[in-house]
Every structure is written in structure tokens, then in C-alpha cells.
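Text of upload.pdb, listed as PDB, C-alpha atoms:
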ATOM      1  CA  MET A 514     -27.439 -35.125  -8.576
ATOM      2  CA  THR A 515     -31.039 -34.773  -7.540
ATOM      3  CA  ILE A 516     -32.347 -35.262  -4.007
ATOM      4  CA  SER A 517     -35.995 -36.171  -3.450
ATOM      5  CA  VAL A 518     -37.554 -36.620  -0.028
ATOM      6  CA  ARG A 519     -40.713 -38.467   0.965
ATOM      7  CA  GLN A 520     -42.266 -39.824   4.133
ATOM      8  CA  SER A 521     -42.586 -43.591   4.581
ATOM      9  CA  GLY A 522     -43.929 -44.631   7.965
ATOM     10  CA  ALA A 523     -41.784 -43.059  10.634
ATOM     11  CA  ALA A 524     -38.884 -42.548   8.260
ATOM     12  CA  GLN A 525     -37.886 -39.825   5.859
ATOM     13  CA  VAL A 526     -36.786 -41.582   2.677
ATOM     14  CA  VAL A 527     -34.199 -39.748   0.580
ATOM     15  CA  ASP A 528     -33.996 -40.807  -3.068
ATOM     16  CA  LEU A 529     -30.636 -39.910  -4.611
ATOM     17  CA  ASP A 530     -30.252 -39.821  -8.373
ATOM     18  CA  GLY A 531     -27.187 -39.128 -10.499
ATOM     19  CA  GLU A 532     -23.636 -38.497  -9.371
ATOM     20  CA  VAL A 533     -22.196 -37.516  -6.002
ATOM     21  CA  ASP A 534     -18.685 -36.128  -6.358
ATOM     22  CA  PHE A 535     -16.395 -33.479  -4.914
ATOM     23  CA  GLY A 536     -18.560 -30.790  -6.494
ATOM     24  CA  THR A 537     -21.978 -32.067  -5.438
ATOM     25  CA  SER A 538     -21.297 -33.653  -2.037
ATOM     26  CA  PRO A 539     -21.529 -30.318  -0.142
ATOM     27  CA  HIS A 540     -25.125 -29.994  -1.397
ATOM     28  CA  LEU A 541     -25.886 -33.543  -0.223
ATOM     29  CA  ARG A 542     -24.284 -32.816   3.138
ATOM     30  CA  ARG A 543     -26.436 -29.732   3.708
ATOM     31  CA  ALA A 544     -29.617 -31.558   2.685
ATOM     32  CA  LEU A 545     -29.005 -34.608   4.898
ATOM     33  CA  PHE A 546     -28.054 -32.574   7.962
ATOM     34  CA  ASP A 547     -31.152 -30.445   7.467
ATOM     35  CA  LEU A 548     -33.359 -33.548   7.221
ATOM     36  CA  LEU A 549     -31.701 -35.229  10.188
ATOM     37  CA  GLY A 550     -32.860 -32.357  12.346
ATOM     38  CA  LYS A 551     -36.474 -32.997  11.373
ATOM     39  CA  THR A 552     -36.859 -36.763  11.731
ATOM     40  CA  SER A 553     -35.967 -39.679  13.972
ATOM     41  CA  LYS A 554     -35.039 -41.922  11.026
ATOM     42  CA  LEU A 555     -33.344 -41.257   7.690
ATOM     43  CA  ALA A 556     -33.375 -43.959   5.008
ATOM     44  CA  ILE A 557     -31.180 -43.223   1.996
ATOM     45  CA  ASN A 558     -32.107 -44.846  -1.314
ATOM     46  CA  LEU A 559     -28.951 -45.352  -3.399
ATOM     47  CA  GLN A 560     -30.600 -47.365  -6.200
ATOM     48  CA  ALA A 561     -30.391 -44.620  -8.829
ATOM     49  CA  LEU A 562     -26.991 -43.300  -7.840
ATOM     50  CA  THR A 563     -24.636 -43.807 -10.781
ATOM     51  CA  TYR A 564     -21.499 -42.494  -9.112
ATOM     52  CA  ILE A 565     -20.172 -41.706  -5.653
ATOM     53  CA  ASP A 566     -16.632 -40.745  -4.697
ATOM     54  CA  SER A 567     -14.844 -40.630  -1.363
ATOM     55  CA  SER A 568     -16.258 -37.183  -0.583
ATOM     56  CA  GLY A 569     -19.750 -38.691  -0.889
ATOM     57  CA  ILE A 570     -18.760 -41.565   1.393
ATOM     58  CA  ALA A 571     -17.287 -39.070   3.858
ATOM     59  CA  THR A 572     -20.559 -37.135   3.791
ATOM     60  CA  LEU A 573     -22.550 -40.282   4.600
ATOM     61  CA  ILE A 574     -20.159 -41.128   7.453
ATOM     62  CA  GLU A 575     -20.461 -37.601   8.801
ATOM     63  CA  VAL A 576     -24.257 -37.773   8.835
ATOM     64  CA  LEU A 577     -24.154 -41.265  10.352
ATOM     65  CA  LYS A 578     -21.983 -40.055  13.226
ATOM     66  CA  ASP A 579     -24.311 -37.152  13.891
ATOM     67  CA  ALA A 580     -27.308 -39.503  13.803
ATOM     68  CA  GLN A 581     -25.585 -41.723  16.361
ATOM     69  CA  ARG A 582     -24.848 -38.705  18.545
ATOM     70  CA  LEU A 583     -28.511 -37.676  18.368
ATOM     71  CA  GLN A 584     -29.673 -41.296  18.852
ATOM     72  CA  LYS A 585     -31.432 -41.313  15.507
ATOM     73  CA  GLU A 586     -31.532 -44.056  12.871
ATOM     74  CA  PHE A 587     -29.579 -43.785   9.642
ATOM     75  CA  VAL A 588     -29.891 -46.603   7.135
ATOM     76  CA  LEU A 589     -28.812 -47.111   3.517
ATOM     77  CA  PHE A 590     -30.649 -49.311   1.028
ATOM     78  CA  GLY A 591     -30.748 -50.279  -2.648
ATOM     79  CA  LEU A 592     -27.033 -49.924  -3.302
ATOM     80  CA  SER A 593     -26.430 -49.720  -7.051
ATOM     81  CA  PRO A 594     -23.454 -51.625  -8.556
ATOM     82  CA  ALA A 595     -21.495 -48.368  -8.817
ATOM     83  CA  VAL A 596     -22.060 -47.642  -5.136
ATOM     84  CA  GLN A 597     -21.250 -51.214  -4.135
ATOM     85  CA  ASP A 598     -17.898 -50.906  -5.949
ATOM     86  CA  VAL A 599     -16.931 -47.839  -3.947
ATOM     87  CA  PHE A 600     -18.112 -49.323  -0.646
ATOM     88  CA  ARG A 601     -16.002 -52.388  -1.408
ATOM     89  CA  LEU A 602     -12.942 -50.314  -2.288
ATOM     90  CA  THR A 603     -13.253 -48.185   0.835
ATOM     91  CA  HIS A 604     -14.217 -51.048   3.186
ATOM     92  CA  VAL A 605     -17.059 -49.033   4.714
ATOM     93  CA  ASN A 606     -19.767 -51.716   4.466
ATOM     94  CA  ARG A 607     -19.480 -52.524   8.141
ATOM     95  CA  VAL A 608     -19.626 -48.857   9.139
ATOM     96  CA  PHE A 609     -23.221 -48.395   7.986
ATOM     97  CA  ARG A 610     -26.471 -50.235   8.489
ATOM     98  CA  ILE A 611     -27.181 -51.423   4.926
ATOM     99  CA  VAL A 612     -30.282 -53.327   3.831
ATOM    100  CA  GLU A 613     -31.555 -54.380   0.426
ATOM    101  CA  THR A 614     -35.092 -53.014   0.266
ATOM    102  CA  GLU A 615     -37.036 -49.971   1.315
ATOM    103  CA  GLU A 616     -39.380 -52.180   3.343
ATOM    104  CA  GLN A 617     -36.427 -53.373   5.409
ATOM    105  CA  ALA A 618     -35.075 -49.851   5.708
ATOM    106  CA  VAL A 619     -38.222 -48.237   7.045
ATOM    107  CA  ALA A 620     -39.248 -51.129   9.289
ATOM    108  CA  PRO A 621     -38.748 -50.470  13.014
ATOM    109  CA  ALA A 622     -35.235 -51.559  14.058
TER     110      ALA A 622
ATOM    111  CA  MET B1250       2.891 -42.919 -31.326
ATOM    112  CA  THR B1251       1.685 -46.294 -32.596
ATOM    113  CA  GLU B1252      -1.580 -47.005 -34.420
ATOM    114  CA  THR B1253      -3.120 -48.431 -31.248
ATOM    115  CA  GLU B1254      -2.324 -45.461 -29.029
ATOM    116  CA  ILE B1255      -4.367 -42.426 -28.165
ATOM    117  CA  HIS B1256      -3.137 -39.449 -26.167
ATOM    118  CA  VAL B1257      -5.623 -37.130 -24.484
ATOM    119  CA  THR B1258      -4.663 -33.961 -22.610
ATOM    120  CA  PHE B1259      -6.884 -31.834 -20.403
ATOM    121  CA  ASP B1260      -5.662 -28.376 -19.453
ATOM    122  CA  MET B1261      -8.159 -26.891 -17.042
ATOM    123  CA  CYS B1262      -8.761 -24.766 -13.993
ATOM    124  CA  SER B1263      -9.238 -26.407 -10.614
ATOM    125  CA  GLN B1264     -13.011 -26.565 -10.790
ATOM    126  CA  ALA B1265     -15.125 -29.530  -9.724
ATOM    127  CA  ARG B1266     -17.606 -28.944 -12.555
ATOM    128  CA  TYR B1267     -15.053 -30.396 -14.994
ATOM    129  CA  LEU B1268     -14.785 -33.699 -13.136
ATOM    130  CA  PRO B1269     -17.697 -35.408 -14.955
ATOM    131  CA  ILE B1270     -16.002 -34.675 -18.306
ATOM    132  CA  ILE B1271     -12.772 -36.329 -17.166
ATOM    133  CA  ARG B1272     -14.699 -39.289 -15.734
ATOM    134  CA  ALA B1273     -16.563 -39.840 -18.982
ATOM    135  CA  THR B1274     -13.316 -39.836 -20.965
ATOM    136  CA  VAL B1275     -11.424 -42.146 -18.613
ATOM    137  CA  GLY B1276     -14.357 -44.556 -18.460
ATOM    138  CA  GLN B1277     -14.583 -44.714 -22.245
ATOM    139  CA  LEU B1278     -10.834 -45.247 -22.638
ATOM    140  CA  ALA B1279     -10.805 -48.012 -20.010
ATOM    141  CA  ALA B1280     -13.687 -49.789 -21.717
ATOM    142  CA  MET B1281     -12.008 -49.410 -25.117
ATOM    143  CA  ILE B1282      -8.829 -51.047 -23.810
ATOM    144  CA  GLY B1283     -10.790 -53.988 -22.458
ATOM    145  CA  TRP B1284     -11.601 -53.528 -18.805
ATOM    146  CA  ASP B1285     -15.093 -54.606 -17.761
ATOM    147  CA  ALA B1286     -17.670 -52.197 -16.362
ATOM    148  CA  GLU B1287     -16.645 -52.682 -12.723
ATOM    149  CA  GLU B1288     -12.943 -52.235 -13.405
ATOM    150  CA  SER B1289     -13.577 -49.242 -15.665
ATOM    151  CA  ARG B1290     -15.571 -47.624 -12.861
ATOM    152  CA  SER B1291     -12.730 -48.240 -10.401
ATOM    153  CA  ILE B1292     -10.102 -46.716 -12.708
ATOM    154  CA  THR B1293     -12.373 -43.731 -13.304
ATOM    155  CA  LEU B1294     -12.882 -43.313  -9.571
ATOM    156  CA  ALA B1295      -9.141 -43.401  -8.886
ATOM    157  CA  VAL B1296      -8.430 -40.639 -11.430
ATOM    158  CA  ASP B1297     -11.349 -38.602 -10.095
ATOM    159  CA  GLU B1298      -9.982 -38.934  -6.550
ATOM    160  CA  ALA B1299      -6.546 -37.738  -7.686
ATOM    161  CA  LEU B1300      -8.123 -34.690  -9.331
ATOM    162  CA  ALA B1301     -10.294 -33.919  -6.315
ATOM    163  CA  ASN B1302      -7.231 -34.160  -4.063
ATOM    164  CA  VAL B1303      -5.456 -31.556  -6.188
ATOM    165  CA  ILE B1304      -8.426 -29.178  -5.977
ATOM    166  CA  ARG B1305      -8.849 -29.766  -2.238
ATOM    167  CA  HIS B1306      -5.262 -29.994  -0.998
ATOM    168  CA  ALA B1307      -2.963 -28.415  -3.611
ATOM    169  CA  TYR B1308      -5.248 -25.466  -4.378
ATOM    170  CA  HIS B1309      -7.327 -25.477  -1.134
ATOM    171  CA  GLY B1310     -10.556 -25.107  -3.079
ATOM    172  CA  ARG B1311      -9.330 -22.236  -5.238
ATOM    173  CA  THR B1312     -10.959 -22.360  -8.655
ATOM    174  CA  ASP B1313      -8.194 -20.634 -10.642
ATOM    175  CA  GLY B1314      -5.421 -23.183 -10.176
ATOM    176  CA  ARG B1315      -4.150 -24.946 -13.285
ATOM    177  CA  ILE B1316      -4.361 -28.691 -13.715
ATOM    178  CA  GLU B1317      -2.867 -30.523 -16.661
ATOM    179  CA  LEU B1318      -3.854 -34.158 -17.097
ATOM    180  CA  GLN B1319      -2.157 -36.251 -19.763
ATOM    181  CA  ILE B1320      -3.663 -39.640 -20.529
ATOM    182  CA  ARG B1321      -1.957 -42.201 -22.708
ATOM    183  CA  ALA B1322      -4.032 -45.189 -23.696
ATOM    184  CA  ALA B1323      -2.062 -47.901 -25.419
ATOM    185  CA  GLU B1324      -2.730 -51.568 -25.984
ATOM    186  CA  GLY B1325      -3.522 -53.015 -22.573
ATOM    187  CA  GLU B1326      -2.452 -49.998 -20.565
ATOM    188  CA  LEU B1327      -3.579 -46.621 -19.299
ATOM    189  CA  GLN B1328      -1.037 -44.062 -18.095
ATOM    190  CA  PHE B1329      -1.863 -40.846 -16.278
ATOM    191  CA  ARG B1330       0.382 -37.844 -15.636
ATOM    192  CA  MET B1331      -1.208 -34.944 -13.813
ATOM    193  CA  ARG B1332       0.553 -31.681 -12.996
ATOM    194  CA  ASN B1333      -0.445 -28.824 -10.729
ATOM    195  CA  THR B1334       1.376 -25.776  -9.390
ATOM    196  CA  GLY B1335      -0.261 -25.673  -5.965
ATOM    197  CA  ASP B1336       1.068 -26.925  -2.671
ATOM    198  CA  PRO B1337       2.964 -30.212  -2.888
ATOM    199  CA  PRO B1338       1.318 -33.263  -1.288
ATOM    200  CA  ASP B1339       2.277 -34.092   2.274
ATOM    201  CA  PRO B1340       3.707 -37.644   2.175
ATOM    202  CA  ALA B1341       2.589 -38.162   5.782
ATOM    203  CA  ARG B1342      -1.046 -37.770   4.729
ATOM    204  CA  ILE B1343      -0.980 -40.199   1.805
ATOM    205  CA  CYS B1344      -2.774 -43.415   2.819
ATOM    206  CA  ALA B1345      -2.443 -42.332   6.464
ATOM    207  CA  ARG B1346      -6.028 -43.122   7.327
ATOM    208  CA  GLU B1347      -7.070 -46.513   8.618
ATOM    209  CA  VAL B1348      -9.558 -48.201   6.267
ATOM    210  CA  GLY B1349     -12.825 -49.790   7.373
ATOM    211  CA  CYS B1350     -13.411 -47.316  10.184
ATOM    212  CA  ASP B1351     -15.808 -44.384  10.549
ATOM    213  CA  LYS B1352     -13.148 -41.679  10.320
ATOM    214  CA  ILE B1353     -14.179 -38.910   7.959
ATOM    215  CA  GLY B1354     -11.955 -38.223   4.951
ATOM    216  CA  GLY B1355      -8.657 -39.613   3.702
ATOM    217  CA  LEU B1356     -10.099 -42.431   1.611
ATOM    218  CA  GLY B1357      -9.066 -41.088  -1.783
ATOM    219  CA  THR B1358      -5.400 -42.040  -1.673
ATOM    220  CA  HIS B1359      -6.321 -45.567  -0.539
ATOM    221  CA  ILE B1360      -8.622 -45.929  -3.531
ATOM    222  CA  ILE B1361      -5.901 -44.710  -5.893
ATOM    223  CA  ARG B1362      -3.318 -47.096  -4.443
ATOM    224  CA  ASP B1363      -5.691 -50.055  -4.486
ATOM    225  CA  VAL B1364      -6.849 -49.509  -8.064
ATOM    226  CA  MET B1365      -3.677 -48.465  -9.863
ATOM    227  CA  ASP B1366      -0.673 -50.730 -10.479
ATOM    228  CA  THR B1367       1.838 -47.940  -9.980
ATOM    229  CA  VAL B1368       1.420 -44.568  -8.289
ATOM    230  CA  SER B1369       3.991 -41.885  -7.578
ATOM    231  CA  TYR B1370       3.988 -38.275  -6.465
ATOM    232  CA  GLU B1371       6.842 -36.012  -7.551
ATOM    233  CA  SER B1372       7.491 -32.341  -6.942
ATOM    234  CA  GLY B1373       9.921 -30.082  -8.788
ATOM    235  CA  PRO B1374      10.407 -26.602 -10.225
ATOM    236  CA  GLU B1375       7.622 -27.078 -12.784
ATOM    237  CA  GLY B1376       5.087 -28.219 -10.204
ATOM    238  CA  ASN B1377       3.737 -31.365  -8.610
ATOM    239  CA  TRP B1378       3.222 -34.518 -10.617
ATOM    240  CA  PHE B1379       0.879 -37.394  -9.942
ATOM    241  CA  ILE B1380       1.911 -40.334 -12.105
ATOM    242  CA  ALA B1381      -0.071 -43.572 -12.253
ATOM    243  CA  ALA B1382      -0.547 -46.523 -14.556
ATOM    244  CA  LYS B1383      -2.845 -49.504 -14.878
ATOM    245  CA  ARG B1384      -2.193 -52.579 -17.023
ATOM    246  CA  LEU B1385      -4.833 -54.933 -18.306
ATOM    247  CA  ARG B1386      -4.359 -58.489 -17.116
ATOM    248  CA  ARG B1387      -5.743 -60.859 -19.676
ATOM    249  CA  GLN B1388      -7.141 -64.131 -18.414
ATOM    250  CA  ALA B1389      -5.398 -67.232 -19.749
TER     251      ALA B1389
END

Render the structure in this file as C-alpha cells.
Amino acid sequence: MTISVRQSGAAQVVDLDGEVDFGTSPHLRRALFDLLGKTSKLAINLQALTYIDSSGIATLIEVLKDAQRLQKEFVLFGLSPAVQDVFRLTHVNRVFRIVETEEQAVAPA
Amino acid sequence: MTETEIHVTFDMCSQARYLPIIRATVGQLAAMIGWDAEESRSITLAVDEALANVIRHAYHGRTDGRIELQIRAAEGELQFRMRNTGDPPDPARICAREVGCDKIGGLGTHIIRDVMDTVSYESGPEGNWFIAAKRLRRQA
């Protein structure tokens, strides 16, 4: 898994590439919590993610809850088919704010 | 063993770095049997979740625990038997979490149950077994 970060408007956009599993999710967790402390809005690009397991979903939920506690925005966009499968299986679609495009993700809520 | 069967066995330590190798194998076997890309991904995910649960809960993150995974791919069916010698699973924690909420953790056993046709957990003198199977349903 690779994690790339860029600024887009008021948001930090995080581009995830590769696979998030039990072995790599702790790295993702550390990176997202670190970024959350530095911005008012995190937008996670899941377009190039080829795999995510329940530990990756748990990581996203954990960061979401902390964002809510800190009154910051946390949005997911560009869900790849592999990610959509796991979201469907775990019924977490309604837990997150999910949009299709980066433009929608970085636009003011 | 028949001409259309293949048996694959992994004997490995409880290390997450081996998970991509297992996923690649399970995905290829599922596709070979006839599941489409989405279903193959789901089967792969379920096996991956079972393995991760063993590393996390049976061995508590230890990297020197032994995991044996036997896969039997026959015509229209995949069977999985996985053995570990760590702590046995707590039945009260299997599928205990509510789905569709923002609770952290506990999703893996739901995924396994939803994807597989049969799932069982057995413990005995030789260790703990996770046994699961998935049958291909051909459209009429």
C-alpha cells in the first residue's frame, strides 16, 4: 500500500494505492490520525485501492469517529469495485460520507 | 483425488506478510472453478479474514504461531480447513457485533458467515479448526 497526500482547496486529499489488510492497516491508521491533526478536512481517494479487509474498514471508522469528535470533515470518494464489495458486505455505506468524485469531496459541505 | 481436483496446503507462521500470497491463490482457484470477479473477491476476503482472526485472536499478534491451511478445489466447490494451536475462539464473540453501525472491529466473522455456505469452528487436542466451504451455483 502506498499513501500519497496533496492539498486540494481546504482539504487534504489522501490517495491510497494497493492493498489494505491486517498487515498494512496499522500504517494507514497512523498516517490518517497524523493528517487529521493537521487539517480541517480529510478526503480519502479509494480509486486505486485493489483490496481492503475489515481491519481497513475498522481503521476508516476509527478515524471517522475521531474526526466527528474534533468536528472535522472526513469524506471518502472514488470507491473501486473491490472496495464497494467490502462496503456492501459490511453494510458500512451509511456510516461514512461517500461521494463519487474528488470535486464533490473537496467542495464545502 | 479426481482429475478435476487440486489440493493446496500452506504451512506458515502467523505473519501478516503471508496474507497476500494466500489471497492470490484463493482468488485464482475461485476464478478457475467459475466464480466471477466479484464473487472471487468475496471468497478471498472471507479466507483472509479467517487468517487475520487467527493471527489477532488465537496468537494475539505473535509471529511464531503455526497456521496450516488446507484448500481443496473440486468441480464447483472450494473447501477450507485451517488449523492453529493458539487460543480457541470465543463463541460469544463470533458475529456478536451489530452490522451497519460505526462500532470498530468485529466485522470479519460476519463477512465469513455471509460469504461461505458452511462455516464451523472446532477445538480439540490437535488445535483449533476453522472449516468452511463454498459451492458454485450455476444459473439455469

Q | Residues of chain A within 7 Å of chain B, only C-alpha atoms counted, as a ChimeraX atom specification | A | /A:535-536,566-567,571,574-575,602-605,608

Q: Between atom CA of B:Trp1284 and atom CA of B:Met1365, measure the distance and give it in Å to one decimal.
A: 13.0 Å

Q: Considering only C-alpha atoms, return as a list in words whatever protein or nucleic-acid residues lie within 12 Å of B:Met1250, sequence-local ones (same chain, fewer than 4 positions apart) excluded.
A: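 Close residues of B:Met1250: Glu1254, Ile1255, His1256, Arg1321, Ala1322, Ala1323 and Glu1324 of chain B.
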
Q | Resolved residues for the PyMOL selection byres ((chain B and resi 1330-1346) around 8) as number ranges by chain | A | B: 1303, 1306-1308, 1314-1320, 1328-1329, 1347-1348, 1352, 1355-1356, 1358-1359, 1370, 1372, 1375-1381

Go ahead and save the residues from that selection, with C-alpha atoms, as a PDB file, in the frame of the given file.
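Listed below is the output, again14.pdb:
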ATOM      1  CA  VAL B1303      -5.456 -31.556  -6.188  1.00  0.00           C
ATOM      2  CA  HIS B1306      -5.262 -29.994  -0.998  1.00  0.00           C
ATOM      3  CA  ALA B1307      -2.963 -28.415  -3.611  1.00  0.00           C
ATOM      4  CA  TYR B1308      -5.248 -25.466  -4.378  1.00  0.00           C
ATOM      5  CA  GLY B1314      -5.421 -23.183 -10.176  1.00  0.00           C
ATOM      6  CA  ARG B1315      -4.150 -24.946 -13.285  1.00  0.00           C
ATOM      7  CA  ILE B1316      -4.361 -28.691 -13.715  1.00  0.00           C
ATOM      8  CA  GLU B1317      -2.867 -30.523 -16.661  1.00  0.00           C
ATOM      9  CA  LEU B1318      -3.854 -34.158 -17.097  1.00  0.00           C
ATOM     10  CA  GLN B1319      -2.157 -36.251 -19.763  1.00  0.00           C
ATOM     11  CA  ILE B1320      -3.663 -39.640 -20.529  1.00  0.00           C
ATOM     12  CA  GLN B1328      -1.037 -44.062 -18.095  1.00  0.00           C
ATOM     13  CA  PHE B1329      -1.863 -40.846 -16.278  1.00  0.00           C
ATOM     14  CA  GLU B1347      -7.070 -46.513   8.618  1.00  0.00           C
ATOM     15  CA  VAL B1348      -9.558 -48.201   6.267  1.00  0.00           C
ATOM     16  CA  LYS B1352     -13.148 -41.679  10.320  1.00  0.00           C
ATOM     17  CA  GLY B1355      -8.657 -39.613   3.702  1.00  0.00           C
ATOM     18  CA  LEU B1356     -10.099 -42.431   1.611  1.00  0.00           C
ATOM     19  CA  THR B1358      -5.400 -42.040  -1.673  1.00  0.00           C
ATOM     20  CA  HIS B1359      -6.321 -45.567  -0.539  1.00  0.00           C
ATOM     21  CA  TYR B1370       3.988 -38.275  -6.465  1.00  0.00           C
ATOM     22  CA  SER B1372       7.491 -32.341  -6.942  1.00  0.00           C
ATOM     23  CA  GLU B1375       7.622 -27.078 -12.784  1.00  0.00           C
ATOM     24  CA  GLY B1376       5.087 -28.219 -10.204  1.00  0.00           C
ATOM     25  CA  ASN B1377       3.737 -31.365  -8.610  1.00  0.00           C
ATOM     26  CA  TRP B1378       3.222 -34.518 -10.617  1.00  0.00           C
ATOM     27  CA  PHE B1379       0.879 -37.394  -9.942  1.00  0.00           C
ATOM     28  CA  ILE B1380       1.911 -40.334 -12.105  1.00  0.00           C
ATOM     29  CA  ALA B1381      -0.071 -43.572 -12.253  1.00  0.00           C
TER      30      ALA B1381
END

Find the residues with any atom within 8 Å of (-27.4, -49.2, 10.0); use only C-alpha atoms and the coordinates as given in the file, and write the answer as a PDB file with C-alpha atoms, in the frame of the given file.
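What landed in out11.pdb:
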ATOM      1  CA  GLU A 586     -31.532 -44.056  12.871  1.00  0.00           C
ATOM      2  CA  PHE A 587     -29.579 -43.785   9.642  1.00  0.00           C
ATOM      3  CA  VAL A 588     -29.891 -46.603   7.135  1.00  0.00           C
ATOM      4  CA  LEU A 589     -28.812 -47.111   3.517  1.00  0.00           C
ATOM      5  CA  VAL A 608     -19.626 -48.857   9.139  1.00  0.00           C
ATOM      6  CA  PHE A 609     -23.221 -48.395   7.986  1.00  0.00           C
ATOM      7  CA  ARG A 610     -26.471 -50.235   8.489  1.00  0.00           C
ATOM      8  CA  ILE A 611     -27.181 -51.423   4.926  1.00  0.00           C
ATOM      9  CA  VAL A 612     -30.282 -53.327   3.831  1.00  0.00           C
TER      10      VAL A 612
END

(Q) Residues near A:Gly550, anyone? I mean within 10 Å using only C-alpha atoms, not counting same-chain ones fewer than 4 positions away, as a PyMOL selection string. (A) chain A and resi 545-546+554+579-580+583+585

Q) Between atom CA of A:Gln560 and atom CA of A:Val576, what is the spacing in Å? A)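 Distance reported for this atom pair: 18.9 Å.
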
**Q.** Atom pair atom CA of A:His540 / atom CA of A:Leu562: separation (Å)
**A.** 14.9 Å

Q | Near-stretch 519-532 of chain A list (9 Å; only C-alpha atoms; drop same-chain fewer than 6 positions) as a VMD selection string | A | (chain A and resid 545 548 to 549 551 to 566 586 615 618 to 621) or (chain B and resid 1269)

**Q.** Residue members of the PyMOL selection byres ((chain B and resi 1386) around 12) in the file shown, as an MDAnalysis selection string
**A.** chainID B and resid 1282:1285 1288 1324:1326 1366 1383:1385 1387:1389

**Q.** Residue neighbourhood B:Ile1271, 9 Å, only C-alpha atoms, exclusion window fewer than 6 positions, as a PyMOL selection string
**A.** chain B and resi 1259+1293+1296-1297
